[in-house]
Amino acid sequence: MIGAVPVLLALAFAVTALLYASVGFGGGSTYSALLALSGLDYRLLPLVSLACNIVVVSGSSIRFARAGLTPWKKAGVIVALGAPMSFLGGLTPIREATFLTLLGASLMLTALTMFVPVKEDTEGAPTRAARFMPLAAAPLGYFAGLVGIGGGIFLAPLLHLARWHEARGIASTASLFILVNSLFGLAGQMVKNGPGLLGAALGASLPLLIAVVVGGQIGSLFAARLLPPRWIRWLTALLVGVVGVRLLAGV
């Protein structure tokens with residue numbers, strides 16, 4: 001349970017937030033996996049993870065918007081398609097074994113996406129697939145609400161491969177996608193489980209929320225200056241892969 005290992009779990013959350021924030025993501029799937037390994041009731045996992053996601057990506061979304069990097073028209077279409085599906089995902093009942101299997105599989109896929117090369121300068125015109133990228137928002141949004149992730153970590157590689165926009169525009173879109181999906185997914189989880197369960201989850205996980213605030217700020221402001229982005233992505237992939245393997249091994 002959370003109370004049994006508050007320091008170790010909080011440290012793991014801070015490191016996760018630091019690494020994910022450094023590459024523009026929230027870390028929801030890894031938060032859920034760490035909580036699952038800690039023995040927390042699986043019904044609380046999406047609530048805590050989505051709340052942590054909101055904390056981590058709110059700052060980056062605001063910074064992207066203030067810097068004028070968010071392609072609002074294009075990003076708005078993707079977010080509008082993903083948000084209601086995230087709410088529906090949060091509403092969907094799911095058994096514990098199915099939840100943990102999906103979560104572990106998403107972690108393994110997350111680790112693989114971290115190895116997709118990201119270029120700062122987009123070369124060439126958008127591919128034909130770029131116009132269909134908004135269609136990916138709906139299933140990603142549903143999965144985000146169901147499992148307790150933001151979905152941006154899966155969306156971003158697709159946008160890069162399709163040359164949907166330049167790199168910073170994609171990063172800002174992924175951050176906004178995570179933020180809005182997390183808000184709508186959390187709302188769905190609250191309706192499904194009742195607001196009392198949210199209060200219990202947040203009350204028990206307050207140290208974890210503080211940890212991700214600290215880790216997320218360090219990651220978004222300083223980590224990228226200390227380590228090459230490629231190293232950060234590899235470290236994140238290693239963390240996610242190890243946790244995913246452990247989670248799937250216990251299902």
# chains A, B, ... in the order shown; residues from 1 in each chain; ligands from 1
>>> select_by_dssp(residues="segment 84-130 of chain A", states="helix (DSSP H, G or I)", output="ChimeraX atom specification")
/A:84-91,96-113,128-130
>>> closest_atom_pairs(of="segment 133-222 of chain A", to="segment 96-107 of chain A", cutoff="12 Å", atoms="only C-alpha atoms", output="JSON lines")
{"residue": "A:Leu140", "atom": "CA", "partner": "A:Ser106", "partner_atom": "CA", "distance": 11.1}
{"residue": "A:Phe143", "atom": "CA", "partner": "A:Leu102", "partner_atom": "CA", "distance": 9.1}
{"residue": "A:Ala144", "atom": "CA", "partner": "A:Ser106", "partner_atom": "CA", "distance": 10.2}
{"residue": "A:Gly145", "atom": "CA", "partner": "A:Phe99", "partner_atom": "CA", "distance": 11.7}
{"residue": "A:Leu146", "atom": "CA", "partner": "A:Phe99", "partner_atom": "CA", "distance": 8.3}
{"residue": "A:Val147", "atom": "CA", "partner": "A:Leu103", "partner_atom": "CA", "distance": 6.4}
{"residue": "A:Gly148", "atom": "CA", "partner": "A:Leu103", "partner_atom": "CA", "distance": 8.7}
{"residue": "A:Ile149", "atom": "CA", "partner": "A:Leu103", "partner_atom": "CA", "distance": 9.2}
{"residue": "A:Gly150", "atom": "CA", "partner": "A:Ser106", "partner_atom": "CA", "distance": 11.6}
{"residue": "A:Gly151", "atom": "CA", "partner": "A:Ser106", "partner_atom": "CA", "distance": 9.9}
{"residue": "A:Ile153", "atom": "CA", "partner": "A:Ser106", "partner_atom": "CA", "distance": 10.2}
{"residue": "A:Phe154", "atom": "CA", "partner": "A:Ser106", "partner_atom": "CA", "distance": 9.3}
>>> closest_residue(among="A:Leu198, A:Ala111, A:Ala156, A:Val23", to="Gly244 of chain A", atoms="only C-alpha atoms")
A:Ala111
>>> closest_residue(among="A:Ala33, A:Leu19, A:Leu197, A:Ala12", to="Val245 of chain A", atoms="only C-alpha atoms")
A:Ala33
>>> residues_around(residues="Leu235 of chain A", least_positions_apart="5", cutoff="12 Å", atoms="only C-alpha atoms", output="JSON, numbers by chain")
{"A": [15, 16, 18, 19, 20, 22, 23, 111, 114, 115, 227, 228, 229, 230, 240, 241, 242]}
>>> residues_around(residues="Arg131 of chain A", least_positions_apart="4", cutoff="10 Å", atoms="only C-alpha atoms", output="PyMOL selection string")
chain A and resi 126-127+135+162+164
>>> atom_distance(atom1="atom CA of Asp41 of chain A", atom2="atom CA of Ala249 of chain A")
18.1 Å
